[in-house]
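*Asks:* Below is model-v8.txt; it holds compact mmCIF, C-alpha atoms.
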# COMPACT_ATOMS: atom_id res chain seq x y z
CA MET N 1 143.58 -17.05 20.08
CA TYR N 2 141.82 -20.20 21.28
CA HIS N 3 143.79 -22.16 23.89
CA PRO N 4 142.85 -25.85 24.24
CA LYS N 5 142.50 -27.66 27.54
CA GLY N 6 140.85 -30.67 29.10
CA ILE N 7 139.59 -33.93 27.68
CA ILE N 8 139.02 -34.08 23.93
CA PRO N 9 137.77 -37.47 22.66
CA ALA N 10 139.32 -38.66 19.43
CA MET N 11 136.01 -39.55 17.77
CA ALA N 12 135.54 -42.80 15.90
CA THR N 13 133.90 -42.38 12.50
CA PRO N 14 130.77 -44.55 12.35
CA PHE N 15 130.31 -46.85 9.37
CA ARG N 16 127.49 -49.12 8.33
CA GLN N 17 128.20 -52.81 7.77
CA ASP N 18 128.77 -52.15 4.06
CA GLY N 19 131.49 -49.63 4.90
CA SER N 20 129.53 -46.50 4.03
CA LEU N 21 129.46 -43.48 6.31
CA ASN N 22 126.81 -43.50 9.04
CA LEU N 23 126.30 -39.78 9.50
CA GLU N 24 123.21 -40.26 11.66
CA GLU N 25 125.23 -42.19 14.25
CA LEU N 26 128.00 -39.60 13.95
CA GLY N 27 125.49 -37.01 15.11
CA ASN N 28 124.45 -39.29 17.97
CA GLN N 29 128.06 -39.55 19.09
CA VAL N 30 128.38 -35.76 19.09
CA GLU N 31 125.43 -35.55 21.50
CA ARG N 32 126.86 -38.31 23.66
CA PHE N 33 130.20 -36.54 24.02
CA ILE N 34 128.66 -33.17 24.78
CA LYS N 35 126.50 -34.74 27.51
CA SER N 36 129.59 -36.38 29.01
CA GLY N 37 131.14 -32.99 29.74
CA VAL N 38 134.15 -33.14 27.42
CA HIS N 39 135.92 -29.88 26.67
CA ALA N 40 136.03 -30.24 22.87
CA ILE N 41 135.60 -32.82 20.10
CA PHE N 42 138.29 -34.03 17.70
CA THR N 43 137.16 -35.60 14.43
CA LEU N 44 139.18 -37.13 11.58
CA GLY N 45 142.08 -38.26 13.71
CA THR N 46 143.66 -41.70 13.88
CA ASN N 47 140.67 -43.12 15.76
CA GLY N 48 138.48 -41.44 13.16
CA GLU N 49 140.20 -43.51 10.44
CA PHE N 50 141.14 -40.44 8.43
CA TYR N 51 143.55 -42.62 6.46
CA ALA N 52 140.61 -44.71 5.18
CA LEU N 53 138.44 -41.81 4.01
CA SER N 54 138.34 -39.96 0.70
CA PHE N 55 138.64 -36.19 0.59
CA ASP N 56 134.89 -35.79 0.01
CA GLU N 57 134.06 -38.15 2.87
CA LYS N 58 136.29 -36.15 5.21
CA VAL N 59 134.35 -33.03 4.26
CA GLN N 60 131.04 -34.79 4.98
CA VAL N 61 132.28 -35.91 8.39
CA MET N 62 133.64 -32.51 9.45
CA GLU N 63 130.54 -30.69 8.26
CA THR N 64 128.25 -33.10 10.13
CA VAL N 65 130.21 -32.83 13.38
CA ILE N 66 130.39 -29.03 13.20
CA GLU N 67 126.69 -28.74 12.36
CA LYS N 68 125.59 -31.11 15.13
CA THR N 69 127.86 -29.48 17.71
CA ALA N 70 126.30 -26.10 16.87
CA GLY N 71 128.94 -24.10 18.71
CA ARG N 72 128.33 -25.73 22.09
CA ILE N 73 131.93 -26.87 22.43
CA PRO N 74 135.00 -26.42 20.21
CA VAL N 75 135.52 -28.78 17.26
CA TRP N 76 139.00 -29.86 16.21
CA VAL N 77 139.34 -31.26 12.70
CA GLY N 78 142.22 -33.43 11.55
CA THR N 79 143.39 -32.09 8.20
CA GLY N 80 146.89 -33.51 7.82
CA CYS N 81 147.53 -35.27 4.50
CA VAL N 82 150.61 -36.70 2.82
CA THR N 83 151.34 -33.57 0.79
CA THR N 84 151.40 -29.93 1.77
CA GLU N 85 149.07 -29.02 -1.09
CA GLU N 86 146.33 -31.44 -0.03
CA THR N 87 146.74 -30.51 3.63
CA ILE N 88 146.16 -26.86 2.77
CA ARG N 89 143.15 -27.76 0.61
CA LEU N 90 141.51 -29.78 3.39
CA SER N 91 142.42 -27.19 6.02
CA LYS N 92 140.71 -24.46 4.00
CA ARG N 93 137.58 -26.59 3.75
CA ALA N 94 137.59 -27.07 7.53
CA GLU N 95 137.92 -23.34 8.02
CA GLN N 96 135.02 -22.71 5.64
CA ALA N 97 132.93 -25.31 7.49
CA GLY N 98 133.38 -23.51 10.81
CA ALA N 99 136.00 -25.61 12.62
CA THR N 100 137.42 -24.13 15.81
CA ALA N 101 140.91 -25.43 15.20
CA LEU N 102 142.94 -27.88 13.15
CA SER N 103 145.02 -30.88 14.09
CA VAL N 104 147.71 -31.48 11.49
CA ILE N 105 149.51 -34.80 11.58
CA THR N 106 153.04 -34.93 10.18
CA PRO N 107 153.39 -36.02 6.57
CA TYR N 108 153.58 -39.80 6.43
CA PHE N 109 154.87 -42.77 4.45
CA GLY N 110 157.79 -40.85 2.91
CA GLN N 111 160.69 -39.64 5.05
CA VAL N 112 160.60 -35.92 5.82
CA SER N 113 163.54 -33.86 7.10
CA GLN N 114 163.07 -31.44 9.97
CA LYS N 115 163.68 -28.54 7.56
CA ALA N 116 160.92 -29.83 5.28
CA MET N 117 158.69 -30.34 8.32
CA VAL N 118 159.10 -26.68 9.26
CA GLY N 119 158.29 -25.60 5.71
CA HIS N 120 155.21 -27.82 5.64
CA TYR N 121 153.71 -26.48 8.86
CA LYS N 122 154.55 -22.86 8.06
CA ALA N 123 152.85 -23.17 4.67
CA VAL N 124 149.68 -24.58 6.24
CA ALA N 125 149.68 -21.94 8.96
CA LYS N 126 150.03 -19.19 6.36
CA ALA N 127 147.13 -20.58 4.30
CA VAL N 128 144.54 -20.48 7.10
CA SER N 129 143.76 -18.30 10.09
CA LEU N 130 142.64 -21.11 12.40
CA PRO N 131 144.72 -22.29 15.36
CA ILE N 132 146.84 -25.32 14.47
CA LEU N 133 147.87 -28.20 16.71
CA MET N 134 150.74 -30.29 15.40
CA TYR N 135 150.32 -34.06 15.77
CA ASN N 136 153.32 -36.28 16.46
CA ILE N 137 152.74 -40.03 16.09
CA PRO N 138 155.95 -41.48 14.64
CA ALA N 139 154.95 -45.14 15.03
CA ARG N 140 152.21 -44.57 12.45
CA THR N 141 153.81 -41.93 10.21
CA GLY N 142 157.50 -42.78 10.25
CA ASN N 143 158.28 -39.12 10.98
CA SER N 144 158.85 -37.44 14.33
CA ILE N 145 158.85 -33.74 15.15
CA SER N 146 162.04 -32.84 17.00
CA ARG N 147 162.28 -30.62 20.05
CA GLU N 148 164.11 -28.00 17.99
CA THR N 149 161.43 -28.02 15.30
CA VAL N 150 158.70 -27.60 17.89
CA ALA N 151 160.58 -24.67 19.43
CA GLU N 152 160.84 -23.00 16.01
CA LEU N 153 157.24 -23.61 14.99
CA ALA N 154 155.94 -22.44 18.37
CA GLN N 155 156.94 -18.95 17.23
CA VAL N 156 154.35 -19.05 14.43
CA GLU N 157 151.31 -17.14 15.69
CA ASN N 158 148.60 -19.66 14.86
CA ILE N 159 150.59 -22.82 15.65
CA ILE N 160 149.40 -23.11 19.22
CA GLY N 161 150.41 -26.57 20.39
CA ILE N 162 151.30 -30.19 19.77
CA LYS N 163 149.69 -33.53 20.49
CA ASP N 164 152.37 -36.06 21.39
CA SER N 165 151.37 -39.64 20.66
CA SER N 166 154.93 -40.94 20.66
CA GLY N 167 154.32 -42.84 23.91
CA ASN N 168 157.70 -41.54 25.09
CA PHE N 169 157.13 -39.31 28.10
CA ASP N 170 160.65 -37.90 27.88
CA ASN N 171 159.73 -36.61 24.42
CA THR N 172 156.68 -34.87 25.90
CA LEU N 173 158.90 -33.32 28.57
CA GLN N 174 161.27 -32.05 25.89
CA TYR N 175 158.38 -30.32 24.12
CA LEU N 176 157.39 -28.69 27.41
CA GLU N 177 160.96 -27.60 28.10
CA ALA N 178 161.36 -26.15 24.60
CA THR N 179 158.25 -23.94 24.78
CA ASP N 180 156.51 -21.58 27.17
CA ARG N 181 153.14 -22.18 28.77
CA LYS N 182 151.35 -20.27 26.03
CA PHE N 183 152.10 -23.27 23.84
CA ALA N 184 149.78 -26.21 24.51
CA VAL N 185 151.32 -29.66 24.93
CA ILE N 186 148.61 -32.31 24.83
CA ALA N 187 148.81 -36.01 25.67
CA GLY N 188 148.05 -38.36 22.81
CA ASN N 189 148.82 -41.52 24.76
CA ASP N 190 146.01 -42.22 27.19
CA SER N 191 148.35 -43.84 29.71
CA LEU N 192 150.17 -40.52 30.08
CA ILE N 193 147.26 -38.13 30.56
CA LEU N 194 147.84 -37.41 34.24
CA SER N 195 151.63 -37.40 33.88
CA THR N 196 151.35 -34.84 31.09
CA LEU N 197 149.00 -32.65 33.11
CA MET N 198 151.26 -32.73 36.16
CA ALA N 199 154.28 -31.82 34.02
CA GLY N 200 152.58 -28.74 32.58
CA GLY N 201 150.51 -30.10 29.72
CA VAL N 202 146.95 -28.90 29.21
CA GLY N 203 144.94 -32.03 28.50
CA ALA N 204 144.51 -35.03 26.25
CA ILE N 205 143.09 -36.07 22.91
CA ALA N 206 141.99 -39.51 23.98
CA GLY N 207 140.99 -42.58 22.00
CA THR N 208 139.52 -44.22 25.10
CA GLY N 209 137.13 -41.28 25.20
CA ASN N 210 135.07 -43.38 22.78
CA ILE N 211 134.56 -45.86 25.63
CA PHE N 212 134.31 -43.84 28.83
CA PRO N 213 134.49 -40.07 28.26
CA GLU N 214 132.91 -39.38 31.67
CA ARG N 215 135.73 -41.23 33.44
CA LEU N 216 138.37 -39.16 31.68
CA VAL N 217 136.52 -35.91 32.42
CA GLU N 218 136.31 -36.96 36.08
CA MET N 219 140.06 -37.58 36.10
CA TYR N 220 140.76 -34.15 34.62
CA ASN N 221 138.42 -32.46 37.09
CA ALA N 222 140.08 -34.27 40.00
CA TRP N 223 143.50 -33.12 38.83
CA GLU N 224 142.27 -29.56 38.32
CA SER N 225 140.83 -29.47 41.85
CA GLY N 226 144.05 -30.84 43.36
CA ASP N 227 142.74 -34.30 44.23
CA ILE N 228 145.76 -36.15 42.88
CA ALA N 229 144.91 -39.42 44.66
CA LYS N 230 141.54 -39.59 42.90
CA ALA N 231 143.04 -38.55 39.58
CA THR N 232 145.71 -41.24 39.93
CA ALA N 233 143.13 -43.92 40.70
CA LEU N 234 141.14 -42.92 37.64
CA GLN N 235 144.24 -42.88 35.46
CA ASP N 236 145.15 -46.37 36.69
CA SER N 237 141.60 -47.57 36.01
CA ILE N 238 142.01 -47.28 32.24
CA ARG N 239 144.99 -49.67 32.18
CA PRO N 240 142.93 -52.85 31.53
CA ILE N 241 141.38 -51.49 28.35
CA ARG N 242 144.73 -50.04 27.27
CA ASP N 243 146.22 -53.52 27.64
CA CYS N 244 143.68 -54.75 25.10
CA LEU N 245 144.99 -52.45 22.37
CA LYS N 246 147.72 -54.93 21.54
CA LEU N 247 145.05 -57.43 20.42
CA GLY N 248 144.82 -55.75 17.01
CA ASN N 249 144.99 -52.39 15.28
CA PRO N 250 144.55 -50.15 18.38
CA ASN N 251 141.88 -47.86 17.00
CA SER N 252 140.01 -50.87 15.62
CA VAL N 253 140.01 -52.37 19.14
CA ILE N 254 138.67 -49.09 20.54
CA LYS N 255 135.92 -49.08 17.94
CA ARG N 256 135.01 -52.69 18.67
CA ALA N 257 134.82 -51.94 22.40
CA ALA N 258 132.47 -49.01 21.71
CA ASN N 259 130.20 -51.36 19.77
CA LEU N 260 130.23 -53.93 22.57
CA ILE N 261 129.09 -51.38 25.15
CA GLY N 262 126.15 -50.30 23.05
CA TYR N 263 127.34 -47.57 20.69
CA PRO N 264 126.78 -48.72 17.07
CA VAL N 265 129.75 -47.07 15.41
CA GLY N 266 130.14 -50.10 13.17
CA PRO N 267 133.27 -51.85 11.93
CA ALA N 268 136.57 -50.33 10.97
CA ARG N 269 137.01 -50.12 7.21
CA ALA N 270 138.64 -53.09 5.52
CA PRO N 271 141.31 -54.26 5.71
CA PHE N 272 141.48 -52.88 9.24
CA ASP N 273 138.24 -54.50 10.39
CA GLY N 274 140.16 -57.66 11.29
CA ASP N 275 138.93 -60.98 12.60
CA TYR N 276 137.23 -60.00 15.85
CA THR N 277 136.39 -63.58 16.72
CA ALA N 278 140.04 -64.16 17.61
CA TRP N 279 140.10 -61.56 20.36
CA ASP N 280 136.51 -60.66 21.17
CA PRO N 281 136.48 -63.02 24.19
CA VAL N 282 139.48 -61.23 25.74
CA LEU N 283 137.98 -57.81 25.12
CA MET N 284 134.58 -58.82 26.48
CA LYS N 285 136.17 -60.41 29.55
CA THR N 286 138.04 -57.17 30.23
CA LEU N 287 134.85 -55.15 29.94
CA ARG N 288 132.93 -57.51 32.23
CA GLU N 289 135.63 -57.66 34.90
CA HIS N 290 136.73 -54.03 34.96
CA TYR N 291 133.91 -51.95 33.47
CA PRO N 292 130.65 -53.84 34.08
CA GLU N 293 128.71 -50.59 34.38
CA LEU N 294 129.39 -49.91 30.69
CA LEU N 295 127.71 -53.07 29.41
CA LYS N 296 124.11 -52.56 28.43
Turn the structure described in the file into structure tokens.
*Replies:*
Amino acid sequence: MYHPKGIIPAMATPFRQDGSLNLEELGNQVERFIKSGVHAIFTLGTNGEFYALSFDEKVQVMETVIEKTAGRIPVWVGTGCVTTEETIRLSKRAEQAGATALSVITPYFGQVSQKAMVGHYKAVAKAVSLPILMYNIPARTGNSISRETVAELAQVENIIGIKDSSGNFDNTLQYLEATDRKFAVIAGNDSLILSTLMAGGVGAIAGTGNIFPERLVEMYNAWESGDIAKATALQDSIRPIRDCLKLGNPNSVIKRAANLIGYPVGPARAPFDGDYTAWDPVLMKTLREHYPELLK
């Protein structure tokens, strides 16, 4: 069974100015990430605006990423939907398309009990043979996966890990304590990548990978080689851009930053495109002062 590790960028989904998919640029981003040395690619996550895409558009995106990657590195596909039925349907399409593994966000909008959460994930795991990574991001979904639920679901053969985007490091530690090292705990908050690695996690699915994937790979490599001082310095170096995420919808800010440094991934889909003129000066100042090498 595939075991994830390392830096996995949470790919933005490129759009044209009219809001349509830009599959050509999506392919360009695949090449960019592979050249940067990342360990896998994750498409259709929060930074990929999965919530703003139709079912058919999600299929187009996953098929393009898988085709362009051509087996060079693993491809994770986000297939979590509001209902179990639709999650299974999209997960089966990802399996047919040749995905390496699935990332399944918790159901969202409606409140879900832990018992229902277990039933949901077990049903998805039974429907496909691919490895499944659970995705915990309660600030966006309104639902959190408890330590006890993680411990129970870790016993399902093809549920191999969890991405914790709660931003609560104690929660990440509880997931680590509740499972053995065969179960992959992955950082979903970019400020906690090194902390998660040092505590026993295996890597990160990182939104800032859309801005500087090489920097994150360098941090991981420094940690893996035992150079904690270098890894710490690199972890600290992403703080300025992380501080900019409060300017607007965080993944919209990430996407705007990618555009400003020369990667034409386009706007976020309305209404999440926002009024960039209000905070563009702050974002550009941050890029100039802290990451001048990125500006082209």
*Asks:* Would you work out the distance separating CA of His120 (chain N) from CA of Phe55 (chain N), expressed in Å to one decimal?
*Replies:*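 Computing it gives 19.2 Å between the two atoms.
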*Asks:* Excluding region 132-145 of chain N and its own-chain neighbours fewer than 5 positions away, which residues fall within 8 Å of it when counting all atoms listed in the file? Please give them as a PyMOL selection string.
*Replies:* chain N and resi 101-112+114+117+125+150+158-166
*Asks:* Which residues are close to region 66-74 of chain N, i.e. within 10 Å by only C-alpha atoms, leaving aside same-chain residues fewer than 6 positions away? Reply as a PyMOL selection string.
*Replies:* chain N and resi 2+4+8+26-31+33-34+37-43+94+97-101
*Asks:* Looking at N:Leu216, N:Leu90, N:Leu21, N:Ala116, which one is nearest to Glu57 (chain N), with distances taken over only C-alpha atoms?
*Replies:*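 Using only C-alpha atoms, Glu57 (chain N) sits closest to N:Leu21.
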*Asks:* What's the 12 Å shell around Val202 (chain N), counting only C-alpha atoms, without same-chain residues fewer than 6 positions away, as a PyMOL selection string?
*Replies:* chain N and resi 3-8+39+160-164+172+176+181-188+193-196+220+223-224
*Asks:* What is the distance between CA of Ala278 (chain N) and CA of Leu23 (chain N), in Å to one decimal?
*Replies:*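 Going from CA of Ala278 (chain N) over to CA of Leu23 (chain N), I get 29.1 Å.
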*Asks:* Can you measure CA of Phe15 (chain N) to CA of Pro264 (chain N) for me? One decimal in Å is fine.
*Replies:* 8.7 Å
*Asks:* For Ala10 (chain N), work out the shell of residues within 7 Å, counting only C-alpha atoms and skipping chain neighbours fewer than 5 positions away, then give it as a compact mmCIF listing (two decimals) with C-alpha atoms, keeping the file's coordinate frame.
*Replies:*
# COMPACT_ATOMS: atom_id res chain seq x y z
CA ILE N 41 135.60 -32.82 20.10
CA PHE N 42 138.29 -34.03 17.70
CA THR N 43 137.16 -35.60 14.43
CA GLY N 45 142.08 -38.26 13.71
CA ASN N 47 140.67 -43.12 15.76
CA GLY N 48 138.48 -41.44 13.16
CA ILE N 205 143.09 -36.07 22.91
CA ALA N 206 141.99 -39.51 23.98
CA GLY N 207 140.99 -42.58 22.00
CA GLY N 209 137.13 -41.28 25.20
*Asks:* Identify which of the residues N:Arg147, N:Arg269, N:Lys92, N:Arg16 lies closest to Val124 (chain N), counting all atoms listed in the file when measuring atom-to-atom distances.
*Replies:*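 So, comparing all the options, the nearest one is N:Lys92.
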*Asks:* Around the point (140.4, -38.0, 7.0) (coordinates from the file), which residues reach within 9 Å if we count only C-alpha atoms? Answer as a list in words.
*Replies:*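 Residues with an atom at most 9 Å from (140.4, -38.0, 7.0): Thr43, Leu44, Gly45, Thr46, Gly48, Glu49, Phe50, Tyr51, Ala52, Leu53, Ser54, Phe55, Glu57, Lys58, Val59, Val61, Val77, Gly78, Thr79, Gly80 and Cys81 of chain N.
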*Asks:* Could you give me, as an mmCIF file with C-alpha atoms, in the coordinates of the input, the residues within 12 Å of Ala222 (chain N), counting all atoms listed in the file and dropping anything in the same chain fewer than 5 positions from it?
*Replies:*
data_model
loop_
_atom_site.group_PDB
_atom_site.id
_atom_site.type_symbol
_atom_site.label_atom_id
_atom_site.label_comp_id
_atom_site.auth_asym_id
_atom_site.auth_seq_id
_atom_site.Cartn_x
_atom_site.Cartn_y
_atom_site.Cartn_z
ATOM 1 C CA GLY N 6 140.850 -30.670 29.100
ATOM 2 C CA LEU N 194 147.840 -37.410 34.240
ATOM 3 C CA LEU N 197 149.000 -32.650 33.110
ATOM 4 C CA MET N 198 151.260 -32.730 36.160
ATOM 5 C CA ARG N 215 135.730 -41.230 33.440
ATOM 6 C CA LEU N 216 138.370 -39.160 31.680
ATOM 7 C CA VAL N 217 136.520 -35.910 32.420
ATOM 8 C CA ASP N 227 142.740 -34.300 44.230
ATOM 9 C CA ILE N 228 145.760 -36.150 42.880
ATOM 10 C CA ALA N 229 144.910 -39.420 44.660
ATOM 11 C CA LYS N 230 141.540 -39.590 42.900
ATOM 12 C CA ALA N 231 143.040 -38.550 39.580
ATOM 13 C CA THR N 232 145.710 -41.240 39.930
ATOM 14 C CA ALA N 233 143.130 -43.920 40.700
ATOM 15 C CA LEU N 234 141.140 -42.920 37.640
ATOM 16 C CA GLN N 235 144.240 -42.880 35.460
#
*Asks:* With all atoms listed in the file as the basis for distance, which of N:Ala12, N:Leu130, N:Leu173, N:Met1 is at the shortest distance from Asn251 (chain N)?
*Replies:* N:Ala12
*Asks:* Between N:Pro240, N:Gly203, N:Pro213, N:Pro9, which is the closest to Arg288 (chain N) once you count only C-alpha atoms?
*Replies:* N:Pro240
